[in-house]
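S.K.: I'm passing along entry_25.tsv; it holds TSV, C-alpha atoms.
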chain	number	residue	atom	x	y	z
I	9	MET	CA	-58.17	24.30	-14.45
I	10	ASN	CA	-57.34	25.03	-18.08
I	11	ASP	CA	-58.23	28.21	-19.90
I	12	ILE	CA	-60.78	27.98	-22.69
I	13	ARG	CA	-60.45	29.64	-26.09
I	14	LEU	CA	-63.50	30.38	-28.21
I	15	CYS	CA	-63.06	31.40	-31.80
I	16	THR	CA	-65.31	34.11	-33.13
I	17	LYS	CA	-67.25	33.78	-36.35
I	18	PRO	CA	-65.53	35.17	-39.45
I	19	ASN	CA	-68.21	37.79	-40.08
I	20	MET	CA	-67.86	39.22	-36.55
I	21	LEU	CA	-65.69	42.31	-36.40
I	22	PHE	CA	-63.66	43.01	-33.27
I	23	LEU	CA	-65.91	45.91	-32.26
I	24	HIS	CA	-69.08	43.83	-32.76
I	25	ILE	CA	-67.74	41.21	-30.37
I	26	LEU	CA	-66.75	43.88	-27.88
I	27	GLU	CA	-70.27	45.30	-28.01
I	28	ALA	CA	-71.90	41.87	-27.60
I	29	LEU	CA	-69.76	41.09	-24.55
I	30	SER	CA	-70.52	44.50	-23.06
I	31	HIS	CA	-74.25	43.68	-23.11
I	32	LEU	CA	-74.00	40.37	-21.22
I	33	PRO	CA	-75.48	40.99	-17.74
I	34	TYR	CA	-72.89	38.89	-15.87
I	35	LEU	CA	-69.87	40.54	-17.47
I	36	ALA	CA	-68.39	43.95	-16.69
I	37	LYS	CA	-65.52	45.53	-18.61
I	38	LEU	CA	-62.42	45.61	-16.45
I	39	ASP	CA	-59.51	46.93	-18.46
I	40	THR	CA	-58.35	47.69	-21.96
I	41	LYS	CA	-55.08	48.02	-23.77
I	42	GLN	CA	-55.92	50.35	-26.61
I	43	ASP	CA	-54.22	51.03	-29.85
I	44	LYS	CA	-54.79	54.41	-31.50
I	45	ASP	CA	-55.08	52.84	-34.93
I	46	GLU	CA	-58.79	52.65	-35.77
I	47	HIS	CA	-58.44	49.45	-37.76
I	48	ALA	CA	-56.52	47.52	-35.13
I	49	SER	CA	-58.99	48.69	-32.43
I	50	ALA	CA	-57.09	47.15	-29.55
I	51	GLU	CA	-54.81	44.26	-28.69
I	52	TYR	CA	-57.15	42.98	-26.02
I	53	PHE	CA	-60.06	43.86	-23.75
I	54	THR	CA	-60.70	42.23	-20.38
I	55	PHE	CA	-64.10	41.50	-18.84
I	56	VAL	CA	-64.78	40.18	-15.34
I	57	MET	CA	-67.63	37.86	-14.45
I	58	GLU	CA	-69.95	38.29	-11.43
I	59	ASP	CA	-67.76	36.01	-9.29
I	60	GLN	CA	-64.95	38.59	-9.68
I	61	SER	CA	-62.54	35.71	-10.47
I	62	THR	CA	-63.52	34.56	-13.94
I	63	LEU	CA	-62.05	36.71	-16.68
I	64	VAL	CA	-62.76	36.95	-20.40
I	65	TYR	CA	-60.05	38.37	-22.61
I	66	LEU	CA	-61.11	39.51	-26.06
I	67	ILE	CA	-57.88	39.15	-28.00
I	68	ASN	CA	-57.26	40.53	-31.45
I	69	ASP	CA	-54.59	38.11	-32.65
I	70	GLN	CA	-52.15	40.11	-34.74
I	71	SER	CA	-50.61	37.14	-36.56
I	72	THR	CA	-53.91	35.84	-37.97
I	73	SER	CA	-56.17	38.92	-37.68
I	74	ILE	CA	-58.67	36.64	-35.96
I	75	PRO	CA	-60.27	37.89	-32.75
I	76	TYR	CA	-60.91	35.21	-30.11
I	77	LEU	CA	-62.02	34.88	-26.50
I	78	LEU	CA	-59.78	33.48	-23.77
I	79	ILE	CA	-61.73	32.54	-20.65
I	80	SER	CA	-59.96	31.94	-17.36
I	81	GLY	CA	-61.20	31.28	-13.84
I	82	PRO	CA	-63.51	29.06	-11.78
I	83	ALA	CA	-66.66	29.68	-13.85
I	84	CYS	CA	-64.97	29.40	-17.25
I	85	GLN	CA	-66.94	26.26	-18.24
I	86	GLN	CA	-70.26	27.93	-17.37
I	87	LEU	CA	-69.38	31.08	-19.27
I	88	ALA	CA	-68.07	29.12	-22.27
I	89	TYR	CA	-71.40	27.30	-22.42
I	90	HIS	CA	-73.33	30.60	-22.47
I	91	LEU	CA	-71.06	32.09	-25.12
I	92	ASP	CA	-71.30	28.91	-27.19
I	93	GLN	CA	-75.07	29.47	-27.31
I	94	SER	CA	-74.53	33.00	-28.62
I	95	ASP	CA	-74.14	34.01	-32.24
I	96	ILE	CA	-70.60	35.34	-31.89
I	97	VAL	CA	-68.51	32.16	-31.55
I	98	TYR	CA	-68.09	28.89	-33.37
I	99	SER	CA	-67.88	25.58	-31.59
I	100	SER	CA	-64.87	23.42	-32.36
I	101	LYS	CA	-67.23	21.03	-34.22
I	102	ASP	CA	-68.47	23.88	-36.44
I	103	ILE	CA	-64.90	24.77	-37.33
I	104	GLN	CA	-64.02	21.13	-38.00
I	105	TYR	CA	-66.94	21.00	-40.44
I	106	ARG	CA	-65.63	24.13	-42.19
I	107	CYS	CA	-62.15	22.62	-42.43
I	108	LEU	CA	-63.51	19.52	-44.11
I	109	HIS	CA	-65.88	21.32	-46.49
I	110	ASP	CA	-64.33	24.68	-47.42
I	111	GLN	CA	-62.75	24.49	-50.85
I	112	HIS	CA	-61.26	27.93	-51.53
I	113	VAL	CA	-57.66	28.39	-50.35
I	114	ASP	CA	-58.39	31.54	-48.33
I	115	GLN	CA	-61.33	29.83	-46.61
I	116	LYS	CA	-59.17	26.82	-45.78
I	117	ILE	CA	-56.44	29.04	-44.33
I	118	ASP	CA	-58.99	30.88	-42.19
I	119	ALA	CA	-60.61	27.60	-41.07
I	120	ILE	CA	-57.37	25.87	-40.00
I	121	CYS	CA	-56.20	28.94	-38.04
I	122	ARG	CA	-59.58	29.07	-36.29
I	123	LEU	CA	-59.36	25.36	-35.53
I	124	GLY	CA	-55.95	25.92	-33.95
I	125	ILE	CA	-57.37	28.69	-31.78
I	126	ALA	CA	-60.54	26.80	-30.80
I	127	SER	CA	-58.88	23.45	-30.00
I	128	TYR	CA	-57.77	23.13	-26.42
I	129	GLY	CA	-57.73	20.53	-23.68
I	130	GLU	CA	-57.04	16.89	-24.42
I	131	PRO	CA	-55.92	15.88	-27.92
I	132	SER	CA	-58.77	15.08	-30.30
I	133	ALA	CA	-58.43	12.41	-32.99
I	134	ASP	CA	-60.75	14.42	-35.27
I	135	VAL	CA	-58.64	17.58	-34.97
I	136	LEU	CA	-55.40	15.65	-35.49
I	137	HIS	CA	-56.88	14.04	-38.62
I	138	ILE	CA	-57.80	17.45	-40.06
I	139	PHE	CA	-54.29	18.75	-39.44
I	140	GLN	CA	-52.86	15.68	-41.21
I	141	LEU	CA	-55.06	16.47	-44.23
I	142	TYR	CA	-54.04	20.12	-44.24
I	143	LEU	CA	-50.33	19.31	-43.91
I	144	ARG	CA	-50.69	17.32	-47.16
I	145	ASP	CA	-52.77	19.95	-48.99
I	146	PRO	CA	-51.52	20.75	-52.52
I	147	ASP	CA	-51.46	24.50	-51.78
I	148	VAL	CA	-48.28	25.66	-50.03
I	149	ARG	CA	-50.11	28.47	-48.18
I	150	VAL	CA	-52.56	26.01	-46.66
I	151	ARG	CA	-49.68	23.80	-45.47
I	152	GLN	CA	-47.87	26.82	-44.00
I	153	SER	CA	-51.02	27.87	-42.16
I	154	ALA	CA	-51.55	24.36	-40.81
I	155	VAL	CA	-48.01	24.29	-39.42
I	156	PHE	CA	-48.49	27.73	-37.92
I	157	ALA	CA	-51.86	26.76	-36.39
I	158	THR	CA	-50.29	23.89	-34.43
I	159	SER	CA	-48.60	26.54	-32.27
I	160	PHE	CA	-51.96	27.56	-30.82
I	161	ILE	CA	-52.57	24.03	-29.53
I	162	GLY	CA	-49.20	22.57	-28.60
I	163	TRP	CA	-50.30	18.95	-28.39
I	164	GLN	CA	-47.31	16.63	-28.24
I	165	GLU	CA	-49.07	14.49	-30.85
I	166	PHE	CA	-48.24	17.16	-33.44
I	167	GLU	CA	-44.50	16.57	-33.11
I	168	LYS	CA	-44.44	13.47	-35.34
I	169	MET	CA	-46.46	15.28	-38.04
I	170	LEU	CA	-44.19	18.32	-37.87
I	171	VAL	CA	-41.02	16.19	-38.03
I	172	TYR	CA	-42.37	14.48	-41.15
I	173	THR	CA	-43.31	17.84	-42.69
I	174	ALA	CA	-39.89	19.31	-41.90
I	175	SER	CA	-38.12	16.49	-43.71
I	176	HIS	CA	-40.56	15.73	-46.56
I	177	ASP	CA	-42.44	18.87	-47.59
I	178	PRO	CA	-41.46	19.88	-51.14
I	179	ASP	CA	-41.49	23.57	-50.22
I	180	SER	CA	-38.43	24.70	-48.24
I	181	ARG	CA	-40.36	27.48	-46.47
I	182	VAL	CA	-42.95	25.01	-45.11
I	183	ALA	CA	-40.12	22.75	-43.94
I	184	GLU	CA	-38.43	25.69	-42.17
I	185	ILE	CA	-41.66	26.71	-40.43
I	186	ALA	CA	-42.18	23.11	-39.30
I	187	GLU	CA	-38.64	22.97	-37.86
I	188	SER	CA	-39.30	26.21	-36.01
I	189	ALA	CA	-42.62	24.87	-34.69
I	190	ILE	CA	-40.87	21.75	-33.39
I	191	ARG	CA	-38.29	23.87	-31.53
I	192	ILE	CA	-41.00	26.06	-30.03
I	193	MET	CA	-42.98	23.00	-28.96
I	194	ARG	CA	-39.94	21.36	-27.32
I	195	GLU	CA	-38.82	24.54	-25.55
I	196	SER	CA	-42.25	25.71	-24.39
I	197	ASP	CA	-43.95	25.00	-21.09
I	198	TRP	CA	-46.78	23.04	-22.76
I	199	LEU	CA	-45.35	19.73	-21.54
I	200	SER	CA	-45.09	20.91	-17.93
I	201	GLU	CA	-48.66	22.26	-18.10
I	202	ARG	CA	-49.89	18.80	-19.09
I	203	ALA	CA	-48.00	17.01	-16.27
Represent the structure contained in this file as structure tokens.
M.R.:
Amino acid sequence: MNDIRLCTKPNMLFLHILEALSHLPYLAKLDTKQDKDEHASAEYFTFVMEDQSTLVYLINDQSTSIPYLLISGPACQQLAYHLDQSDIVYSSKDIQYRCLHDQHVDQKIDAICRLGIASYGEPSADVLHIFQLYLRDPDVRVRQSAVFATSFIGWQEFEKMLVYTASHDPDSRVAEIAESAIRIMRESDWLSERA
């Protein structure tokens, strides 16, 4: 059983998400790892579902500043469905739409990072296509973000794209990040998890 990641909407602040989860009747707060800094709020909060086995981690990703939900346990599909109906998370399809239609560089960077977080499970041709587009974007920051966002997913299908980027991207920093992403992908346990 694979964990599920749900990406929160951009206008949702970490504390708003925490409050929304606290009000769900089948979730109880279990544990927190707090940070004294008011703006960081916390690194993560953990909630437990009624079955006492399904956990929801509200993670404040420090590298992207994007909070997201990681759901683990036997009822993760059921809980993901309920959360998907809420107004705090985007579906992967919503994020794909944003990736294809957002025009401003900062919006594109946000969208591709969210797509990396929200894409899990089996490789999707639509998601792979979007990453191909973003790895060819004229803006260097968008390409860097696309390379970085592949690390959230870890699909083996990204390796060919990253190898091409590492050897052909005109910006040396993007090429270096792609080489690093390839190493991480090859040395990680993603392949064994898929076996």
S.K.: To one decimal place, how far is CA of Tyr89 in chain I from CA of Asn19 in chain I in Å?
M.R.: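 Between CA of Tyr89 in chain I and CA of Asn19 in chain I the gap is 20.8 Å.
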S.K.: If we count only C-alpha atoms, what is near Val97 in chain I at a cut-off of 9 Å, once residues fewer than 4 positions away on the same chain are taken out, given as a count of residues only?
M.R.: 11
S.K.: Which value, in Å to one decimal, gives the distance between CA of Arg144 in chain I and CA of Ser175 in chain I?
M.R.: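 It comes out at 13.1 Å.
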S.K.: Using all atoms listed in the file, determine which residues lie at most 12 Å from Val64 in chain I, disregarding the query and same-chain residues fewer than 2 positions distant; provide the list as a PDB file with C-alpha atoms, in the frame of the given file.
M.R.:
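And here's selection_8.pdb as it stands now:
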ATOM      1  CA  ASP I  11     -58.230  28.210 -19.900  1.00  0.00           C
ATOM      2  CA  ILE I  12     -60.780  27.980 -22.690  1.00  0.00           C
ATOM      3  CA  ARG I  13     -60.450  29.640 -26.090  1.00  0.00           C
ATOM      4  CA  LEU I  14     -63.500  30.380 -28.210  1.00  0.00           C
ATOM      5  CA  ILE I  25     -67.740  41.210 -30.370  1.00  0.00           C
ATOM      6  CA  LEU I  26     -66.750  43.880 -27.880  1.00  0.00           C
ATOM      7  CA  LEU I  29     -69.760  41.090 -24.550  1.00  0.00           C
ATOM      8  CA  SER I  30     -70.520  44.500 -23.060  1.00  0.00           C
ATOM      9  CA  LEU I  32     -74.000  40.370 -21.220  1.00  0.00           C
ATOM     10  CA  TYR I  34     -72.890  38.890 -15.870  1.00  0.00           C
ATOM     11  CA  LEU I  35     -69.870  40.540 -17.470  1.00  0.00           C
ATOM     12  CA  ALA I  36     -68.390  43.950 -16.690  1.00  0.00           C
ATOM     13  CA  LYS I  37     -65.520  45.530 -18.610  1.00  0.00           C
ATOM     14  CA  LEU I  38     -62.420  45.610 -16.450  1.00  0.00           C
ATOM     15  CA  ASP I  39     -59.510  46.930 -18.460  1.00  0.00           C
ATOM     16  CA  THR I  40     -58.350  47.690 -21.960  1.00  0.00           C
ATOM     17  CA  TYR I  52     -57.150  42.980 -26.020  1.00  0.00           C
ATOM     18  CA  PHE I  53     -60.060  43.860 -23.750  1.00  0.00           C
ATOM     19  CA  THR I  54     -60.700  42.230 -20.380  1.00  0.00           C
ATOM     20  CA  PHE I  55     -64.100  41.500 -18.840  1.00  0.00           C
ATOM     21  CA  VAL I  56     -64.780  40.180 -15.340  1.00  0.00           C
ATOM     22  CA  MET I  57     -67.630  37.860 -14.450  1.00  0.00           C
ATOM     23  CA  GLU I  58     -69.950  38.290 -11.430  1.00  0.00           C
ATOM     24  CA  GLN I  60     -64.950  38.590  -9.680  1.00  0.00           C
ATOM     25  CA  SER I  61     -62.540  35.710 -10.470  1.00  0.00           C
ATOM     26  CA  THR I  62     -63.520  34.560 -13.940  1.00  0.00           C
ATOM     27  CA  LEU I  66     -61.110  39.510 -26.060  1.00  0.00           C
ATOM     28  CA  ILE I  67     -57.880  39.150 -28.000  1.00  0.00           C
ATOM     29  CA  TYR I  76     -60.910  35.210 -30.110  1.00  0.00           C
ATOM     30  CA  LEU I  77     -62.020  34.880 -26.500  1.00  0.00           C
ATOM     31  CA  LEU I  78     -59.780  33.480 -23.770  1.00  0.00           C
ATOM     32  CA  ILE I  79     -61.730  32.540 -20.650  1.00  0.00           C
ATOM     33  CA  SER I  80     -59.960  31.940 -17.360  1.00  0.00           C
ATOM     34  CA  GLY I  81     -61.200  31.280 -13.840  1.00  0.00           C
ATOM     35  CA  PRO I  82     -63.510  29.060 -11.780  1.00  0.00           C
ATOM     36  CA  ALA I  83     -66.660  29.680 -13.850  1.00  0.00           C
ATOM     37  CA  CYS I  84     -64.970  29.400 -17.250  1.00  0.00           C
ATOM     38  CA  GLN I  85     -66.940  26.260 -18.240  1.00  0.00           C
ATOM     39  CA  LEU I  87     -69.380  31.080 -19.270  1.00  0.00           C
ATOM     40  CA  ALA I  88     -68.070  29.120 -22.270  1.00  0.00           C
ATOM     41  CA  LEU I  91     -71.060  32.090 -25.120  1.00  0.00           C
TER      42      LEU I  91
END
S.K.: Would you compute the distance between CA of Pro33 in chain I and CA of Leu123 in chain I? Give it in Å to one decimal.
M.R.: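 If I compute the distance from CA of Pro33 in chain I to CA of Leu123 in chain I, I get 28.6 Å.
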S.K.: Mind running range 93-156 of chain I against range 182-188 of chain I at 8 Å and telling me each contacting residue's nearest atom pair with the distance in Å (one decimal), counting all atoms listed in the file, chain and number ascending, as JSON lines?
M.R.:
{"residue": "I:Val148", "atom": "CA", "partner": "I:Val182", "partner_atom": "CA", "distance": 7.3}
{"residue": "I:Arg151", "atom": "CA", "partner": "I:Val182", "partner_atom": "CA", "distance": 6.8}
{"residue": "I:Gln152", "atom": "CA", "partner": "I:Val182", "partner_atom": "CA", "distance": 5.4}
{"residue": "I:Val155", "atom": "CA", "partner": "I:Ala186", "partner_atom": "CA", "distance": 5.9}
{"residue": "I:Phe156", "atom": "CA", "partner": "I:Ile185", "partner_atom": "CA", "distance": 7.3}
S.K.: Output the selection as a CSV table (one decimal), keeping the file's coordinate frame - C-alpha atoms for each residue.
M.R.:
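Result file is part.csv:
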chain,number,residue,atom,x,y,z
I,148,VAL,CA,-48.3,25.7,-50.0
I,151,ARG,CA,-49.7,23.8,-45.5
I,152,GLN,CA,-47.9,26.8,-44.0
I,155,VAL,CA,-48.0,24.3,-39.4
I,156,PHE,CA,-48.5,27.7,-37.9
S.K.: Excluding same-chain residues fewer than 6 positions from range 107-122 of chain I, what lies within 6 Å of it counting only C-alpha atoms, as a PyMOL selection string?
M.R.: chain I and resi 150+153+157
S.K.: Here is a test: counting only C-alpha atoms, which residue of I:Ile138, I:Tyr128, I:Ala133, I:Asp177 is nearest to Arg106 in chain I?
M.R.: I:Ile138
S.K.: So that I can check the surroundings of Gln140 in chain I, please list as a list in words every protein, DNA and RNA residue that reaches within 10 Å of it, counting all atoms listed in the file and ignoring chain neighbours fewer than 6 positions away.
M.R.: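 Counting all atoms listed in the file, the residues come to Asp134, Arg151, Ala154, Phe166, Met169, Leu170 and Thr173 of chain I.
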S.K.: How about saving the chosen residues, C-alpha atoms kept, as a PDB file, keeping the file's coordinate frame?
M.R.:
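So the final result, stored in result_7.pdb, reads:
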ATOM      1  CA  ASP I 134     -60.750  14.420 -35.270  1.00  0.00           C
ATOM      2  CA  ARG I 151     -49.680  23.800 -45.470  1.00  0.00           C
ATOM      3  CA  ALA I 154     -51.550  24.360 -40.810  1.00  0.00           C
ATOM      4  CA  PHE I 166     -48.240  17.160 -33.440  1.00  0.00           C
ATOM      5  CA  MET I 169     -46.460  15.280 -38.040  1.00  0.00           C
ATOM      6  CA  LEU I 170     -44.190  18.320 -37.870  1.00  0.00           C
ATOM      7  CA  THR I 173     -43.310  17.840 -42.690  1.00  0.00           C
TER       8      THR I 173
END
S.K.: Given the choices I:Asp69, I:Glu167, I:Asp59, I:Asp95, which gets closest to His24 in chain I if the distance is worked out from all atoms listed in the file?
M.R.: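 Smallest distance to His24 in chain I is found for I:Asp95.
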S.K.: So which one's closest to Glu195 in chain I, I:Gly162, I:His137, I:Arg181, I:Tyr172? Using all atoms listed in the file, please.
M.R.: I:Gly162
